[in-house]
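Asks: Okay, here's the structure, questions in a sec.
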Amino acid sequence: MAKRTFSTLEAFLIFLLVIMTVITVALLTLLFVTSGTIENHKDSGNHWSSTTQGSRTTQSPPITQTPDFPSFQNFSGYYIGVGRADCTGQVSDINLMGYGKNGQNARGLLTRLFSRAFILADPDGSNRMAFVSVELCMISQRLRLEVLKRLESKYGSLYRRDNVILSAIHTHSGPAGFFQYTLYILASEGFSNRTFQYIVSGIVKSIDIAHTNLKPGKILINKGNVPNVQINRSPSSYLLNPQSERARYSSNTDKEMLVLKLVDLNGEDLGLISWFAIHPVSMNNSNHLVNSDNMGYAAYLFEQEKNKGYLPGQGPFVAGFASSNLGDVSPNILGPHCVNTGESCDNDKSTCPNGGPSMCMASGPGQDMFESTQIIGRIIYQKAKELYASATQEVTGPVLAAHQWVNMTDVSVQLNATHTVKTCKPALGYSFAAGTIDGVSGLNITQGTTEGDQFWDTLRDQLLGKPSEEIIECQKPKPILLHTGELTKPHPWQPDIVDVQIVTLGSLAIAAIPGEFTTMSGRRFREAIKEEFALYGMKDMTVVIAGLSNVYTHYITTYEEYQAQRYEAASTIYGPHTLSAYIQLFRDLAKAIATDTVANMSSGPEPPFFKNLIASIIPNIADRAPIGKHFGDVLQPAKPEYRVGEVVEVVFVGANPKNSAENQTHQTFLTVEKYEDSVADWQIMYNDASWETRFYWDKGILGLSNATIYWHIPDTAYPGIYRIRYFGHNRKQELLKPAVILAFEGISSPFEVVTTW
């Protein structure tokens, strides 16, 4: 074997890895020894981190609260309720979740994140479902369990594990910190109860609003292809699927968007749910502003169109742009190129002749990531708008649901009459550490790695122990970098117990997938579930995949794609037969719904809810203003005059924005206000959910910080006198007293906006 050499960067990273791992293992061991480890979801009501108190019981659930449904003659539609609520969480002192890039922490806000809930109920109110599209990277098991607990406390058995779907849009620019499994906690640099509580409360609030807004209505369905927004980021893996199978499709990505149009009985617009397969990674891993990326921008445009006169995040119409089988789908449509030479690196290793894999990156259609996000998001919005306007086919039929918890590490799959295989304990392969063309890791590890490296294997074995022969054999041909399924301290590193769930609305079946299906995985899955429904009498079903739902289990490739061990395959944690296992499990759910035997199904092993999670490593410190200054004072004023198209910049004495996730006195970090002579007062024109504004937080030393607010003046801005207001919270700490969080605000001097004419 040739001698292994390392670059200076790699040597430095290895040194840091060893030091950090030793410290982490020591801390984890100490925490494990000194604290409790686990409590069961079923019996742990008094211990969960929740503002709602009370114990759980499986004998007699709380009284179910239902709205008084009026009687409607010949009513053949559904009761429909929509709701939206803020779930942004921290925008500072926390990692952004998705790329796994060290140092990519939040330093401000581009757009708020929202939870959008849609409740759909049978006319008699007997059966219902809640679909919630959440602007996060993924749904953690801990989030789902806590949301279900709070819903039970409020509504009894009305909203349950079988009829509530939580689905993340998969933005890579949202906060981390809301997980319970150790791998994700380490990636988050600790658990943030502040962010966790904020997100849970936002999700529950959106459901509360939808519940309150229930009214009779109709659901219309439409489909159509979205052009020019996708590429397959692992095309060489896709080509390993059988040619006969590939020949049935015109593209190596799924271009179809499915739209549900929700209206009341008078035809008045209520909301929209759409599903489309695309990674929200137009914002790349150099970004530090919390935002909802391309799918969030599509929702923003649709809601602004329908909610005329309302600020972003407000108004009655709710538009959910949900994820689907996006595993190998990138919005960076210019494709991968070597950033140092400009030549294509669209090869099976995604590597460059000079500089290796860290130089191979894909880019979007814009001049920068902000413009790329808007270009891709606008095309998605425009297609959804077209499909919404032309929707005529009505959805009718009962609301039905089936759900199971499954131990995905031990599923036997009957491939044919003579051949049975099994899933594996979770493990991540080498190519997981390579990253993708949407976000490279910086390490000298390439996609498509099918053999281990002696150095990394030895380092892993010394720090974490050796993978067992069983997991090595089961995961082949994956070379195991991290045997997460065999790492249990202080808690398991990845989940064993996952949710499988289908909810049907008449002829539409929504399959809640706890991960990221690749394009061909999604196609095989939809076809299989549709066949199963048809086999038992439910013909012509439309099956839609709701991705990133309920719990996160990384990727799901086809068996053929798994052999190449690119990033998606290396991240298929339950082994080469994961897709076959999911197809088998969801077939069982489809059969149970079609044969009315859901009540006979086992609920499965309940997932755990862990206590004493590793806290954030970033301390809470008191904020300080410079000598002679106060929080909110202006450090850099606005100019007296601006023209449309220019950018206003104002710098204030700031405080840590994470305080505002704890004390939510203010609902925005900023407003742009215009003076109206007609009312002799200031009117809010934009807030921090507006795409025209950006909020940056610059962290200094010893509690000092600045807040910078930018307003990109749009062409639609009216001429007149404006000002910018900044809203914040500072942490005050006095000796021997508990810290308090105090609200403050700052106001810029007035400035004039004039037109270019």
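Every chain in the structure tokens takes a letter, A first, then B, and so on in the order presented; its residues are numbered from 1, and the ligands are numbered from 1 following the presented order.
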Please produce, as a tab-separated table, a per-residue contact table for segment 300-381 of chain A versus segment 438-462 of chain A (criterion: any atom at most 7 Å away, only C-alpha atoms considered), showing the nearest atom pair and its distance in Å to one decimal, sorted by chain then residue number.
Replies:
residue	atom	partner	partner_atom	distance
A:Asp348	CA	A:Gly448	CA	6.7
A:Lys349	CA	A:Gln447	CA	5.0
A:Ser350	CA	A:Gln447	CA	6.4
A:Thr351	CA	A:Thr446	CA	6.9
A:Gly356	CA	A:Asn444	CA	6.9
A:Pro357	CA	A:Thr446	CA	5.9
A:Ser358	CA	A:Gly442	CA	4.9
A:Met361	CA	A:Asp438	CA	6.1
A:Ala362	CA	A:Asp438	CA	5.7
Asks: Neighbours of segment 281-295 of chain A within 7 Å (only C-alpha atoms; same-chain residues fewer than 2 positions away dropped), as a PyMOL selection string?
Replies: chain A and resi 91+99+104-113+135+171-174+279+297-299+321+331-332+364+369-370+372-374+376-377+438-439
Asks: With only C-alpha atoms as the counted atoms, please give the residues lying no more than 7 Å from segment 528-535 of chain A, apart from itself and same-chain residues fewer than 5 positions off, as number ranges by chain.
Replies: A: 540-541, 543, 583, 586-587, 590-591, 594
Asks: Write the residues of the selection above to a file with N, CA, C and O atoms, as an mmCIF file, in the first residue's frame.
Replies:
data_model
loop_
_atom_site.group_PDB
_atom_site.id
_atom_site.type_symbol
_atom_site.label_atom_id
_atom_site.label_comp_id
_atom_site.auth_asym_id
_atom_site.auth_seq_id
_atom_site.Cartn_x
_atom_site.Cartn_y
_atom_site.Cartn_z
ATOM 1 N N ASP A 540 -56.564 3.594 -9.041
ATOM 2 C CA ASP A 540 -56.250 4.941 -9.539
ATOM 3 C C ASP A 540 -55.890 5.917 -8.421
ATOM 4 O O ASP A 540 -56.227 7.106 -8.475
ATOM 5 N N MET A 541 -55.198 5.412 -7.418
ATOM 6 C CA MET A 541 -54.725 6.303 -6.353
ATOM 7 C C MET A 541 -53.541 7.144 -6.851
ATOM 8 O O MET A 541 -52.707 6.672 -7.625
ATOM 9 N N VAL A 543 -50.252 8.774 -5.433
ATOM 10 C CA VAL A 543 -49.385 8.676 -4.251
ATOM 11 C C VAL A 543 -48.378 9.815 -4.302
ATOM 12 O O VAL A 543 -47.653 9.981 -5.282
ATOM 13 N N ILE A 583 -40.652 0.030 1.208
ATOM 14 C CA ILE A 583 -41.737 -0.361 0.302
ATOM 15 C C ILE A 583 -42.597 -1.438 0.946
ATOM 16 O O ILE A 583 -43.836 -1.380 0.910
ATOM 17 N N PHE A 586 -44.669 0.193 3.885
ATOM 18 C CA PHE A 586 -45.752 1.063 3.426
ATOM 19 C C PHE A 586 -46.808 0.287 2.642
ATOM 20 O O PHE A 586 -47.971 0.689 2.613
ATOM 21 N N ARG A 587 -46.416 -0.816 2.011
ATOM 22 C CA ARG A 587 -47.421 -1.699 1.403
ATOM 23 C C ARG A 587 -48.378 -2.221 2.470
ATOM 24 O O ARG A 587 -49.598 -2.283 2.261
ATOM 25 N N ALA A 590 -50.808 0.510 3.285
ATOM 26 C CA ALA A 590 -51.782 0.687 2.205
ATOM 27 C C ALA A 590 -52.828 -0.421 2.224
ATOM 28 O O ALA A 590 -54.031 -0.166 2.068
ATOM 29 N N LYS A 591 -52.375 -1.637 2.445
ATOM 30 C CA LYS A 591 -53.310 -2.772 2.510
ATOM 31 C C LYS A 591 -54.274 -2.608 3.676
ATOM 32 O O LYS A 591 -55.487 -2.852 3.538
ATOM 33 N N ALA A 594 -56.859 -0.006 2.750
ATOM 34 C CA ALA A 594 -57.764 -0.482 1.700
ATOM 35 C C ALA A 594 -58.717 -1.557 2.197
ATOM 36 O O ALA A 594 -59.846 -1.675 1.696
#
Asks: Determine which residues of segment 268-413 of chain A DSSP labels as strand (DSSP E) from the backbone of this structure, then write them out as a ChimeraX atom specification.
Replies: /A:269-276,318-323,329-330,336-338,360-362,393-394,399-407,412-413
Asks: Applying 7 Å and only C-alpha atoms, which residues near Gly177 of chain A remain after dropping the ones on its own chain fewer than 2 positions away? List them as a PyMOL selection string.
Replies: chain A and resi 175+179+185+188+190-192+195
Asks: Please, could you write that set of residues out with all heavy atoms as a PDB file, in the first residue's frame?
Replies:
ATOM      1  N   PRO A 175     -31.900  26.919  11.991  1.00  0.00           N
ATOM      2  CA  PRO A 175     -31.094  26.589  13.164  1.00  0.00           C
ATOM      3  C   PRO A 175     -31.031  25.091  13.424  1.00  0.00           C
ATOM      4  O   PRO A 175     -31.955  24.343  13.087  1.00  0.00           O
ATOM      5  CB  PRO A 175     -31.828  27.301  14.302  1.00  0.00           C
ATOM      6  CG  PRO A 175     -33.254  27.349  13.847  1.00  0.00           C
ATOM      7  CD  PRO A 175     -33.181  27.551  12.351  1.00  0.00           C
ATOM      8  N   PHE A 179     -32.429  18.317  18.377  1.00  0.00           N
ATOM      9  CA  PHE A 179     -32.373  16.861  18.221  1.00  0.00           C
ATOM     10  C   PHE A 179     -32.091  16.172  19.555  1.00  0.00           C
ATOM     11  O   PHE A 179     -31.687  16.811  20.524  1.00  0.00           O
ATOM     12  CB  PHE A 179     -31.279  16.494  17.216  1.00  0.00           C
ATOM     13  CG  PHE A 179     -31.456  17.132  15.868  1.00  0.00           C
ATOM     14  CD1 PHE A 179     -30.947  18.391  15.616  1.00  0.00           C
ATOM     15  CD2 PHE A 179     -32.150  16.486  14.865  1.00  0.00           C
ATOM     16  CE1 PHE A 179     -31.112  18.996  14.384  1.00  0.00           C
ATOM     17  CE2 PHE A 179     -32.329  17.073  13.634  1.00  0.00           C
ATOM     18  CZ  PHE A 179     -31.810  18.331  13.391  1.00  0.00           C
ATOM     19  N   ILE A 185     -26.728  16.015  17.734  1.00  0.00           N
ATOM     20  CA  ILE A 185     -26.393  16.969  18.792  1.00  0.00           C
ATOM     21  C   ILE A 185     -24.958  17.459  18.629  1.00  0.00           C
ATOM     22  O   ILE A 185     -24.666  18.643  18.784  1.00  0.00           O
ATOM     23  CB  ILE A 185     -26.603  16.337  20.184  1.00  0.00           C
ATOM     24  CG1 ILE A 185     -28.101  16.121  20.448  1.00  0.00           C
ATOM     25  CG2 ILE A 185     -26.017  17.227  21.277  1.00  0.00           C
ATOM     26  CD1 ILE A 185     -28.407  15.497  21.787  1.00  0.00           C
ATOM     27  N   SER A 188     -24.815  19.828  15.927  1.00  0.00           N
ATOM     28  CA  SER A 188     -25.438  21.085  16.346  1.00  0.00           C
ATOM     29  C   SER A 188     -24.600  21.843  17.360  1.00  0.00           C
ATOM     30  O   SER A 188     -24.956  22.968  17.734  1.00  0.00           O
ATOM     31  CB  SER A 188     -26.812  20.808  16.976  1.00  0.00           C
ATOM     32  OG  SER A 188     -27.667  20.119  16.105  1.00  0.00           O
ATOM     33  N   GLY A 190     -24.432  20.972  20.414  1.00  0.00           N
ATOM     34  CA  GLY A 190     -25.226  20.953  21.635  1.00  0.00           C
ATOM     35  C   GLY A 190     -26.708  21.141  21.388  1.00  0.00           C
ATOM     36  O   GLY A 190     -27.138  21.612  20.335  1.00  0.00           O
ATOM     37  N   PHE A 191     -27.495  20.743  22.392  1.00  0.00           N
ATOM     38  CA  PHE A 191     -28.950  20.882  22.344  1.00  0.00           C
ATOM     39  C   PHE A 191     -29.338  22.267  22.849  1.00  0.00           C
ATOM     40  O   PHE A 191     -28.877  22.713  23.897  1.00  0.00           O
ATOM     41  CB  PHE A 191     -29.609  19.817  23.216  1.00  0.00           C
ATOM     42  CG  PHE A 191     -31.106  19.946  23.332  1.00  0.00           C
ATOM     43  CD1 PHE A 191     -31.923  19.578  22.275  1.00  0.00           C
ATOM     44  CD2 PHE A 191     -31.686  20.436  24.495  1.00  0.00           C
ATOM     45  CE1 PHE A 191     -33.305  19.687  22.377  1.00  0.00           C
ATOM     46  CE2 PHE A 191     -33.062  20.549  24.613  1.00  0.00           C
ATOM     47  CZ  PHE A 191     -33.873  20.176  23.550  1.00  0.00           C
ATOM     48  N   SER A 192     -30.207  22.948  22.097  1.00  0.00           N
ATOM     49  CA  SER A 192     -30.689  24.275  22.494  1.00  0.00           C
ATOM     50  C   SER A 192     -32.149  24.168  22.894  1.00  0.00           C
ATOM     51  O   SER A 192     -33.028  24.101  22.031  1.00  0.00           O
ATOM     52  CB  SER A 192     -30.529  25.276  21.344  1.00  0.00           C
ATOM     53  OG  SER A 192     -31.223  26.476  21.640  1.00  0.00           O
ATOM     54  N   THR A 195     -34.270  27.054  21.404  1.00  0.00           N
ATOM     55  CA  THR A 195     -34.747  26.876  20.032  1.00  0.00           C
ATOM     56  C   THR A 195     -35.784  25.768  19.951  1.00  0.00           C
ATOM     57  O   THR A 195     -36.791  25.884  19.229  1.00  0.00           O
ATOM     58  CB  THR A 195     -33.557  26.590  19.099  1.00  0.00           C
ATOM     59  OG1 THR A 195     -32.789  27.793  18.950  1.00  0.00           O
ATOM     60  CG2 THR A 195     -34.007  26.127  17.726  1.00  0.00           C
TER      61      THR A 195
END
Asks: I'd like the contact shell of Val651 of chain A - 6 Å cut-off, only C-alpha atoms, skipping same-chain residues fewer than 6 positions apart - returned as a tab-separated table (two decimals) with N, CA, C and O atoms, in the first residue's frame.
Replies:
chain	number	residue	atom	x	y	z
A	634	VAL	N	-27.81	54.57	17.53
A	634	VAL	CA	-27.32	54.49	16.15
A	634	VAL	C	-25.83	54.78	16.12
A	634	VAL	O	-25.37	55.81	16.62
A	635	LEU	N	-25.06	53.85	15.53
A	635	LEU	CA	-23.62	54.03	15.36
A	635	LEU	C	-23.29	54.53	13.97
A	635	LEU	O	-22.33	55.28	13.79
A	636	GLN	N	-24.05	54.08	12.98
A	636	GLN	CA	-23.87	54.55	11.60
A	636	GLN	C	-25.24	54.92	11.06
A	636	GLN	O	-26.07	54.05	10.84
A	707	ALA	N	-25.62	45.57	15.58
A	707	ALA	CA	-26.67	45.06	14.69
A	707	ALA	C	-26.73	45.96	13.47
A	707	ALA	O	-26.86	47.19	13.61
A	708	THR	N	-26.62	45.35	12.29
A	708	THR	CA	-26.67	46.11	11.05
A	708	THR	C	-27.92	45.71	10.27
A	708	THR	O	-28.15	44.52	10.04
Asks: List the spatial neighbours of Ser390 of chain A as a list of chain:residue names - criterion: any atom at most 12 Å away, only C-alpha atoms, same-chain residues fewer than 6 positions off excluded.
Replies: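 Contacts, with the query itself left out: A:Leu220, A:Ile221, A:Asn222, A:Lys223, A:Gly224, A:Val259, A:Leu260, A:Lys261, A:Lys383, A:Ala384.
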Asks: What's the separation between atom CA of Ser363 of chain A and atom CA of Ala277 of chain A, in Å to one decimal place?
Replies: 18.0 Å
Asks: Residues within 7 Å of Asp162 of chain A, please, as a list in words. Count only C-alpha atoms; anything in the same chain fewer than 2 positions from it doesn't count.
Replies: Arg160, Val164, Ala401, Ala402, His403 and Gln501 of chain A
